[in-house]
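Trainee: To be precise about what I am sending: the file is called data_34.cif and holds mmCIF, C-alpha atoms and all ligand atoms.
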data_input
#
loop_
_atom_site.label_atom_id
_atom_site.label_comp_id
_atom_site.auth_asym_id
_atom_site.auth_seq_id
_atom_site.Cartn_x
_atom_site.Cartn_y
_atom_site.Cartn_z
CA MET A 126 7.16 11.70 -2.27
CA HIS A 127 4.12 13.77 -3.23
CA VAL A 128 4.66 17.48 -3.90
CA ALA A 129 1.61 19.71 -4.44
CA ILE A 130 1.82 23.30 -5.66
CA ILE A 131 -0.63 26.20 -5.47
CA MET A 132 0.57 28.23 -8.45
CA ASP A 133 -0.47 31.71 -7.31
CA GLY A 134 0.54 35.20 -8.39
CA ASN A 135 0.24 35.01 -12.20
CA GLY A 136 -2.10 38.01 -12.38
CA ARG A 137 0.01 40.23 -10.10
CA TRP A 138 3.19 39.26 -11.97
CA ALA A 139 1.59 40.44 -15.23
CA MET A 140 0.07 43.64 -13.79
CA GLN A 141 3.43 44.66 -12.28
CA ARG A 142 4.83 44.54 -15.81
CA GLY A 143 1.93 46.42 -17.39
CA LEU A 144 0.75 43.23 -19.13
CA PRO A 145 -2.74 41.68 -19.28
CA ARG A 146 -3.43 39.00 -16.63
CA MET A 147 -3.43 36.34 -19.34
CA ALA A 148 0.24 37.06 -20.06
CA GLY A 149 0.87 35.97 -16.45
CA HIS A 150 -0.96 32.68 -17.02
CA ARG A 151 1.00 32.05 -20.23
CA ALA A 152 4.26 32.69 -18.37
CA GLY A 153 2.86 30.35 -15.69
CA ALA A 154 2.48 27.58 -18.27
CA ARG A 155 6.19 27.97 -19.15
CA ALA A 156 7.06 27.65 -15.45
CA VAL A 157 4.99 24.43 -15.31
CA ARG A 158 7.20 22.82 -17.98
CA LYS A 159 10.40 23.70 -16.07
CA VAL A 160 9.08 22.48 -12.71
CA VAL A 161 7.84 19.18 -14.18
CA GLU A 162 11.38 18.57 -15.47
CA ALA A 163 12.84 19.46 -12.05
CA ALA A 164 10.40 17.03 -10.37
CA VAL A 165 11.54 14.23 -12.69
CA ARG A 166 15.19 15.00 -11.92
CA SER A 167 14.51 15.09 -8.16
CA GLN A 168 12.76 11.70 -8.29
CA VAL A 169 9.47 13.00 -6.96
CA ASP A 170 6.74 10.34 -7.37
CA THR A 171 3.71 12.62 -7.69
CA LEU A 172 3.45 16.30 -8.55
CA THR A 173 0.00 17.87 -8.21
CA LEU A 174 -0.57 21.35 -9.64
CA TYR A 175 -3.59 23.51 -8.77
CA ALA A 176 -4.52 24.98 -12.13
CA PHE A 177 -8.19 25.96 -11.68
CA SER A 178 -10.31 25.83 -8.53
CA ALA A 179 -14.09 25.34 -8.47
CA ASP A 180 -14.28 28.96 -7.24
CA ASN A 181 -12.26 30.25 -10.23
CA TRP A 182 -15.44 30.00 -12.38
CA SER A 183 -16.41 33.34 -10.82
CA ARG A 184 -13.54 35.14 -12.65
CA PRO A 185 -14.36 37.27 -15.72
CA ARG A 186 -15.62 35.12 -18.59
CA CYS A 187 -12.74 36.06 -20.91
CA GLU A 188 -10.12 34.97 -18.32
CA VAL A 189 -11.90 31.65 -17.73
CA ASP A 190 -12.16 30.98 -21.49
CA SER A 191 -8.50 31.87 -22.03
CA LEU A 192 -7.41 29.60 -19.17
CA MET A 193 -9.41 26.70 -20.63
CA ARG A 194 -7.72 27.32 -24.01
CA LEU A 195 -4.33 27.34 -22.28
CA PHE A 196 -5.06 23.95 -20.64
CA LYS A 197 -6.00 22.54 -24.06
CA GLN A 198 -2.81 23.90 -25.66
CA TYR A 199 -0.75 22.49 -22.81
CA LEU A 200 -2.23 19.00 -23.12
CA GLN A 201 -1.93 19.10 -26.93
CA SER A 202 1.72 20.09 -26.83
CA GLU A 203 2.81 18.02 -23.81
CA ALA A 204 1.13 14.60 -24.28
CA ALA A 205 3.88 13.24 -26.59
CA ARG A 206 6.65 14.77 -24.46
CA CYS A 207 5.16 13.15 -21.33
CA VAL A 208 5.19 9.73 -23.03
CA GLU A 209 8.84 10.31 -24.03
CA GLN A 210 9.77 11.32 -20.46
CA ASN A 211 7.74 8.46 -18.92
CA ILE A 212 5.32 10.85 -17.14
CA ARG A 213 1.80 9.71 -16.34
CA VAL A 214 -0.78 12.51 -16.56
CA ASN A 215 -3.88 12.42 -14.39
CA ILE A 216 -6.44 15.23 -14.22
CA ILE A 217 -8.33 15.59 -10.94
CA GLY A 218 -11.51 17.61 -10.32
CA ARG A 219 -14.97 17.72 -11.88
CA ARG A 220 -15.28 17.11 -15.61
CA ASP A 221 -19.00 17.69 -16.09
CA ARG A 222 -18.56 21.50 -16.29
CA LEU A 223 -15.60 21.41 -18.76
CA ASN A 224 -16.13 21.72 -22.47
CA ALA A 225 -16.29 18.52 -24.52
CA ALA A 226 -13.09 19.20 -26.48
CA LEU A 227 -11.09 19.67 -23.25
CA VAL A 228 -12.58 16.50 -21.73
CA HIS A 229 -11.64 14.62 -24.91
CA LEU A 230 -8.03 15.87 -24.68
CA ILE A 231 -7.87 14.96 -20.98
CA GLU A 232 -9.06 11.42 -21.72
CA HIS A 233 -6.61 11.11 -24.62
CA THR A 234 -3.63 12.35 -22.55
CA GLU A 235 -4.51 10.08 -19.64
CA ALA A 236 -4.88 7.10 -21.99
CA VAL A 237 -1.56 7.58 -23.85
CA THR A 238 0.42 8.14 -20.63
CA ARG A 239 -1.35 5.42 -18.60
CA HIS A 240 1.66 3.05 -18.70
CA CYS A 241 4.24 5.73 -17.64
CA THR A 242 5.95 5.23 -14.29
CA LYS A 243 8.63 7.88 -13.66
CA LEU A 244 6.39 10.68 -12.37
CA THR A 245 2.65 11.07 -11.92
CA LEU A 246 1.72 14.60 -12.94
CA GLN A 247 -1.70 15.50 -11.54
CA ILE A 248 -3.35 18.69 -12.71
CA ALA A 249 -6.32 19.91 -10.69
CA ILE A 250 -8.95 21.56 -12.89
CA ASP A 251 -12.39 22.58 -11.51
CA TYR A 252 -11.14 21.15 -8.22
CA SER A 253 -12.51 21.65 -4.70
CA GLY A 254 -11.21 19.70 -1.70
CA ARG A 255 -14.49 20.25 0.16
CA ASP A 256 -16.46 18.96 -2.82
CA VAL A 257 -14.39 15.73 -2.87
CA ILE A 258 -15.17 15.17 0.83
CA ARG A 259 -18.85 16.09 0.35
CA ARG A 260 -19.21 13.57 -2.49
CA ALA A 261 -17.50 10.86 -0.46
CA CYS A 262 -19.97 11.53 2.40
CA LEU A 263 -22.93 11.21 0.03
CA ALA A 264 -21.57 7.92 -1.35
CA ILE A 265 -21.07 6.62 2.22
CA ALA A 266 -24.57 7.69 3.27
CA GLY A 267 -26.03 5.93 0.22
CA GLU A 268 -24.13 2.70 0.96
CA CYS A 269 -25.15 2.77 4.64
CA MET A 270 -28.83 3.37 3.79
CA GLU A 271 -28.77 0.34 1.50
CA ALA A 272 -27.08 -1.74 4.20
CA ILE A 273 -29.72 -0.66 6.75
CA GLU A 274 -32.48 -1.67 4.32
CA ARG A 275 -30.78 -5.06 3.80
CA THR A 276 -29.86 -5.88 7.40
CA ALA A 277 -31.72 -3.35 9.60
CA SER A 278 -28.38 -2.18 11.14
CA VAL A 279 -24.82 -1.16 10.21
CA SER A 280 -21.73 -1.93 12.28
CA THR A 281 -19.03 0.68 12.92
CA ASP A 282 -16.62 -1.59 11.01
CA TYR A 283 -18.92 -1.41 8.00
CA VAL A 284 -19.04 2.39 8.18
CA ALA A 285 -15.22 2.56 8.50
CA GLU A 286 -14.87 0.33 5.44
CA GLN A 287 -17.25 2.56 3.45
CA ILE A 288 -15.28 5.69 4.43
CA ALA A 289 -12.00 4.08 3.31
CA GLN A 290 -13.58 3.02 0.02
CA ALA A 291 -15.27 6.35 -0.71
CA MET A 292 -12.17 8.43 0.09
CA GLY A 293 -9.90 5.93 -1.65
CA ALA A 294 -11.87 6.19 -4.86
CA SER A 295 -11.73 9.95 -5.11
CA ARG A 296 -8.58 11.02 -3.32
CA CYS A 297 -4.90 10.93 -4.22
CA ALA A 298 -1.84 10.06 -2.15
CA ASN A 299 -1.06 12.01 1.04
CA VAL A 300 0.82 15.22 0.32
CA ASP A 301 4.34 15.41 1.78
CA LEU A 302 5.25 18.93 0.70
CA LEU A 303 2.85 21.70 -0.26
CA ILE A 304 4.32 24.80 -1.90
CA ARG A 305 2.41 28.04 -2.47
CA THR A 306 3.85 30.89 -4.50
CA GLY A 307 2.69 34.50 -4.63
CA GLY A 308 3.08 35.44 -0.95
CA GLU A 309 -0.35 34.32 0.37
CA LYS A 310 -0.49 31.75 3.15
CA ARG A 311 -3.64 29.68 2.79
CA LEU A 312 -4.85 26.34 1.36
CA SER A 313 -7.66 27.69 -0.85
CA ASP A 314 -9.66 24.42 -0.83
CA PHE A 315 -6.76 22.38 -2.26
CA LEU A 316 -6.23 18.71 -1.26
CA LEU A 317 -7.70 19.33 2.21
CA TRP A 318 -7.86 15.68 3.27
CA GLU A 319 -4.54 14.71 1.68
CA SER A 320 -2.61 17.64 3.21
CA ALA A 321 -3.35 16.71 6.85
CA TYR A 322 0.40 16.27 7.58
CA ALA A 323 1.90 18.15 4.64
CA GLU A 324 4.91 20.35 5.28
CA LEU A 325 4.11 23.85 4.02
CA VAL A 326 6.56 26.07 2.14
CA PHE A 327 5.52 29.58 1.09
CA VAL A 328 7.38 31.46 -1.62
CA GLU A 329 7.07 35.24 -1.92
CA HIS A 330 7.38 35.67 -5.66
CA GLY A 331 4.71 34.85 -8.23
CA TRP A 332 4.41 31.52 -10.02
CA PRO A 333 5.83 32.75 -13.38
CA GLU A 334 9.15 33.42 -11.61
CA PHE A 335 9.24 30.08 -9.82
CA SER A 336 12.36 28.30 -11.05
CA GLU A 337 13.92 24.86 -10.88
CA ALA A 338 16.26 26.30 -8.19
CA ASP A 339 13.21 27.36 -6.10
CA PHE A 340 11.78 23.86 -6.43
CA GLU A 341 15.06 22.30 -5.30
CA ALA A 342 15.32 24.80 -2.41
CA ALA A 343 11.80 23.80 -1.26
CA LEU A 344 12.82 20.12 -1.33
CA ARG A 345 15.92 20.92 0.75
CA GLU A 346 13.75 22.82 3.26
CA PHE A 347 11.38 19.81 3.40
CA ARG A 348 14.28 17.44 4.16
CA ARG A 349 15.34 19.66 7.10
CA ARG A 350 11.88 19.42 8.70
CA ASP A 351 11.26 16.97 11.55
CA ARG A 352 8.02 15.14 10.66
CA ARG A 353 6.54 13.57 13.79
CA PHE A 354 2.93 12.90 12.73
CA GLY A 355 1.71 13.65 16.26
CA THR A 356 4.22 11.41 18.05
CA VAL A 357 7.15 12.45 20.26
CA PRO A 358 10.73 12.70 18.97
CA SER A 359 12.67 9.42 18.73
CA PRO A 360 14.62 8.38 21.95
CA THR A 361 17.98 9.26 20.35
CA SER A 362 16.96 12.84 19.52
CA GLN A 363 15.40 13.20 23.04
CA GLN A 364 18.72 12.14 24.59
CA GLU A 365 20.53 14.66 22.38
CA GLU A 366 18.11 17.37 23.56
CA THR A 367 18.66 16.67 27.30
CA ALA A 368 22.46 16.21 26.95
C1 LIG A 401 -3.53 31.81 -9.76
O1 LIG A 401 -2.94 33.07 -10.00
C2 LIG A 401 -3.40 31.01 -10.95
C3 LIG A 401 -4.44 30.46 -11.62
C4 LIG A 401 -5.84 30.58 -11.20
C5 LIG A 401 -4.21 29.72 -12.87
C6 LIG A 401 -3.04 28.78 -12.86
C7 LIG A 401 -2.74 28.47 -14.25
C8 LIG A 401 -1.52 28.38 -14.78
C9 LIG A 401 -0.26 28.46 -14.02
C10 LIG A 401 -1.46 28.26 -16.25
C11 LIG A 401 -0.90 27.03 -16.78
C12 LIG A 401 -1.27 25.76 -16.13
C13 LIG A 401 -1.15 24.59 -16.75
C14 LIG A 401 -1.37 23.35 -15.99
C15 LIG A 401 -0.80 24.47 -18.16
P1 LIG A 401 -3.84 34.38 -9.96
O2 LIG A 401 -4.31 34.65 -11.34
O3 LIG A 401 -4.92 34.22 -8.95
O4 LIG A 401 -2.80 35.44 -9.53
P2 LIG A 401 -3.10 36.74 -8.67
O5 LIG A 401 -3.39 36.29 -7.27
O6 LIG A 401 -1.81 37.49 -8.77
O7 LIG A 401 -4.24 37.47 -9.32
#
Please rewrite the model in this file as structure tokens.

Mentor:
Amino acid sequence: MHVAIIMDGNGRWAMQRGLPRMAGHRAGARAVRKVVEAAVRSQVDTLTLYAFSADNWSRPRCEVDSLMRLFKQYLQSEAARCVEQNIRVNIIGRRDRLNAALVHLIEHTEAVTRHCTKLTLQIAIDYSGRDVIRRACLAIAGECMEAIERTASVSTDYVAEQIAQAMGASRCANVDLLIRTGGEKRLSDFLLWESAYAELVFVEHGWPEFSEADFEAALREFRRRDRRFGTVPSPTSQQEETA
């Protein structure tokens, strides 16, 4: 079970309370802790949180800097707790534009939680779903060019194998349930490939107010959905429909 969350509405939550936007992000970090615990209790295998998109670099400099500091504080304070709770931490997205201290903390947290098996907590920082696909295409093109130089042709099987390898190296598991808070209804370049058959749940209130009960309600909603993956309903449910 892979649950992905677009944690939207921090800024609006803060503004509605006459607070600076950063207060919304700090409250958002507190909500992250609660939802991670709820995911462990609900036996979710992978939880992926959208913390910073590649397009978020265009926000005011002070907000970007404060968010980066918040990610550092989170990793510093949570690494030991994740080991205790058997949570593996994995950061997805580009690292070449992050500052060296944050990259160091990411590598440290990933290393100390590498053996953990209860939940995989993925945090997307400087992430773009389109960029992941674009990079996979470049890798495939490079491999195929080399193959053409070696053998003067490439078979469709070879191309299919390269696609599987390139996407496999950079993508995570298929998303089962995608939750977005904050009232908007869009994907915002998040896990585009992996969300092909994700069930979508939209929550009106902002991320800082998202509670364990909301998380459990989204899981209940997911379990009520009929996932057909493009096929027709099973013969028993068809019979029930015509009866
Ligand atoms: C979107 O809300 C939220 C973000 C761009 C940042 C998400 C970051 C956190 C929840 C902080 C903590 C995260 C971790 C992993 C420790 P917005 O600011 O776009 O809200 P708005 O649409 O109301 O302006």

Trainee: Quick one: of A:Ala129, A:Ile248, A:Ala148, A:Val161, who's nearest to ligand LIG 401 (chain A), counting only C-alpha atoms and all ligand atoms?

Mentor: A:Ile248

Trainee: Quick one: residues within 10 Å of range 304-307 of chain A, all atoms listed in the file counted, chain neighbours fewer than 6 positions away excluded, as a PDB file with C-alpha atoms, keeping the file's coordinate frame?

Mentor:
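Wrote it out as selection36.pdb, contents follow:
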ATOM      1  CA  VAL A 128       4.660  17.480  -3.900  1.00  0.00           C
ATOM      2  CA  ALA A 129       1.610  19.710  -4.440  1.00  0.00           C
ATOM      3  CA  ILE A 130       1.820  23.300  -5.660  1.00  0.00           C
ATOM      4  CA  ILE A 131      -0.630  26.200  -5.470  1.00  0.00           C
ATOM      5  CA  MET A 132       0.570  28.230  -8.450  1.00  0.00           C
ATOM      6  CA  ASP A 133      -0.470  31.710  -7.310  1.00  0.00           C
ATOM      7  CA  GLY A 134       0.540  35.200  -8.390  1.00  0.00           C
ATOM      8  CA  ASN A 135       0.240  35.010 -12.200  1.00  0.00           C
ATOM      9  CA  GLY A 136      -2.100  38.010 -12.380  1.00  0.00           C
ATOM     10  CA  ARG A 137       0.010  40.230 -10.100  1.00  0.00           C
ATOM     11  CA  TRP A 138       3.190  39.260 -11.970  1.00  0.00           C
ATOM     12  CA  LEU A 174      -0.570  21.350  -9.640  1.00  0.00           C
ATOM     13  CA  TYR A 175      -3.590  23.510  -8.770  1.00  0.00           C
ATOM     14  CA  ALA A 323       1.900  18.150   4.640  1.00  0.00           C
ATOM     15  CA  GLU A 324       4.910  20.350   5.280  1.00  0.00           C
ATOM     16  CA  LEU A 325       4.110  23.850   4.020  1.00  0.00           C
ATOM     17  CA  VAL A 326       6.560  26.070   2.140  1.00  0.00           C
ATOM     18  CA  PHE A 327       5.520  29.580   1.090  1.00  0.00           C
ATOM     19  CA  VAL A 328       7.380  31.460  -1.620  1.00  0.00           C
ATOM     20  CA  GLU A 329       7.070  35.240  -1.920  1.00  0.00           C
ATOM     21  CA  HIS A 330       7.380  35.670  -5.660  1.00  0.00           C
ATOM     22  CA  GLY A 331       4.710  34.850  -8.230  1.00  0.00           C
ATOM     23  CA  TRP A 332       4.410  31.520 -10.020  1.00  0.00           C
ATOM     24  CA  PRO A 333       5.830  32.750 -13.380  1.00  0.00           C
ATOM     25  CA  GLU A 334       9.150  33.420 -11.610  1.00  0.00           C
ATOM     26  CA  PHE A 335       9.240  30.080  -9.820  1.00  0.00           C
ATOM     27  CA  PHE A 340      11.780  23.860  -6.430  1.00  0.00           C
ATOM     28  CA  ALA A 343      11.800  23.800  -1.260  1.00  0.00           C
ATOM     29  CA  LEU A 344      12.820  20.120  -1.330  1.00  0.00           C
TER      30      LEU A 344
END

Trainee: What does the structure give for the distance between CA of Arg219 in chain A and CA of Arg259 in chain A, in Å to one decimal?

Mentor: 12.9 Å

Trainee: One number please: CA of Asp301 in chain A to CA of Val165 in chain A, in Å, one decimal.

Mentor: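 Computing the Euclidean distance for CA of Asp301 in chain A and CA of Val165 in chain A yields 16.2 Å.
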
Trainee: Which residue out of A:Pro185, A:Gly218, A:Gly149, A:Gly254 has the minimum interatomic distance to ligand LIG 401 (chain A) when all atoms listed in the file are used?

Mentor: A:Gly149

Trainee: Hey, can you check how far atom C12 of ligand LIG 401 (chain A) sits from CA of Thr242 in chain A?

Mentor: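 Calculated distance between atom C12 of ligand LIG 401 (chain A) and CA of Thr242 in chain A is 21.8 Å.
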
Trainee: Would you mind listing, for every residue of range 249-296 of chain A within 12 Å of range 192-199 of chain A, the two atoms forming the shortest contact and the distance between them in Å to one decimal, using all atoms listed in the file, sorted by chain and ascending residue number, as JSON lines?

Mentor:
{"residue": "A:Ala249", "atom": "CA", "partner": "A:Phe196", "partner_atom": "CA", "distance": 10.8}
{"residue": "A:Ile250", "atom": "CA", "partner": "A:Phe196", "partner_atom": "CA", "distance": 9.0}
{"residue": "A:Asp251", "atom": "CA", "partner": "A:Met193", "partner_atom": "CA", "distance": 10.4}

Trainee: Residues of range 195-265 of chain A that have any atom at most 10 Å from an atom of range 275-296 of chain A: could you tabulate them with the shortest-distance atom pair and the distance in Å to one decimal, using all atoms listed in the file, ordered by chain and increasing number, as JSON lines?

Mentor:
{"residue": "A:Ile217", "atom": "CA", "partner": "A:Ser295", "partner_atom": "CA", "distance": 8.8}
{"residue": "A:Gly218", "atom": "CA", "partner": "A:Ser295", "partner_atom": "CA", "distance": 9.3}
{"residue": "A:Gly254", "atom": "CA", "partner": "A:Arg296", "partner_atom": "CA", "distance": 9.2}
{"residue": "A:Val257", "atom": "CA", "partner": "A:Ser295", "partner_atom": "CA", "distance": 6.7}
{"residue": "A:Ile258", "atom": "CA", "partner": "A:Met292", "partner_atom": "CA", "distance": 7.4}
{"residue": "A:Arg260", "atom": "CA", "partner": "A:Ala291", "partner_atom": "CA", "distance": 8.4}
{"residue": "A:Ala261", "atom": "CA", "partner": "A:Ala291", "partner_atom": "CA", "distance": 5.0}
{"residue": "A:Cys262", "atom": "CA", "partner": "A:Ala291", "partner_atom": "CA", "distance": 7.7}
{"residue": "A:Leu263", "atom": "CA", "partner": "A:Ala291", "partner_atom": "CA", "distance": 9.1}
{"residue": "A:Ala264", "atom": "CA", "partner": "A:Ala291", "partner_atom": "CA", "distance": 6.5}
{"residue": "A:Ile265", "atom": "CA", "partner": "A:Gln287", "partner_atom": "CA", "distance": 5.7}

Trainee: Kindly export the residues of the current selection with C-alpha atoms, as a PDB file, in the coordinates of the input.

Mentor:
ATOM      1  CA  ILE A 217      -8.330  15.590 -10.940  1.00  0.00           C
ATOM      2  CA  GLY A 218     -11.510  17.610 -10.320  1.00  0.00           C
ATOM      3  CA  GLY A 254     -11.210  19.700  -1.700  1.00  0.00           C
ATOM      4  CA  VAL A 257     -14.390  15.730  -2.870  1.00  0.00           C
ATOM      5  CA  ILE A 258     -15.170  15.170   0.830  1.00  0.00           C
ATOM      6  CA  ARG A 260     -19.210  13.570  -2.490  1.00  0.00           C
ATOM      7  CA  ALA A 261     -17.500  10.860  -0.460  1.00  0.00           C
ATOM      8  CA  CYS A 262     -19.970  11.530   2.400  1.00  0.00           C
ATOM      9  CA  LEU A 263     -22.930  11.210   0.030  1.00  0.00           C
ATOM     10  CA  ALA A 264     -21.570   7.920  -1.350  1.00  0.00           C
ATOM     11  CA  ILE A 265     -21.070   6.620   2.220  1.00  0.00           C
TER      12      ILE A 265
END

Trainee: Of the residues A:Arg186, A:His240, A:Arg146, A:Arg255, which is the one nearest to Gln210 in chain A, using only C-alpha atoms?

Mentor: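 With only C-alpha atoms as the atom set, the closest residue is A:His240.
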
Trainee: So that I can check the surroundings of Asn211 in chain A, please list as a ChimeraX atom specification every protein, DNA and RNA residue that reaches within 8 Å of it, counting all atoms listed in the file and ignoring chain neighbours fewer than 5 positions away.

Mentor: /A:238,241-244

Trainee: For ligand LIG 401 (chain A), which residue among A:Leu172, A:Arg213, A:Leu144, A:Leu200 is the nearest when counting all atoms listed in the file?

Mentor: A:Leu200
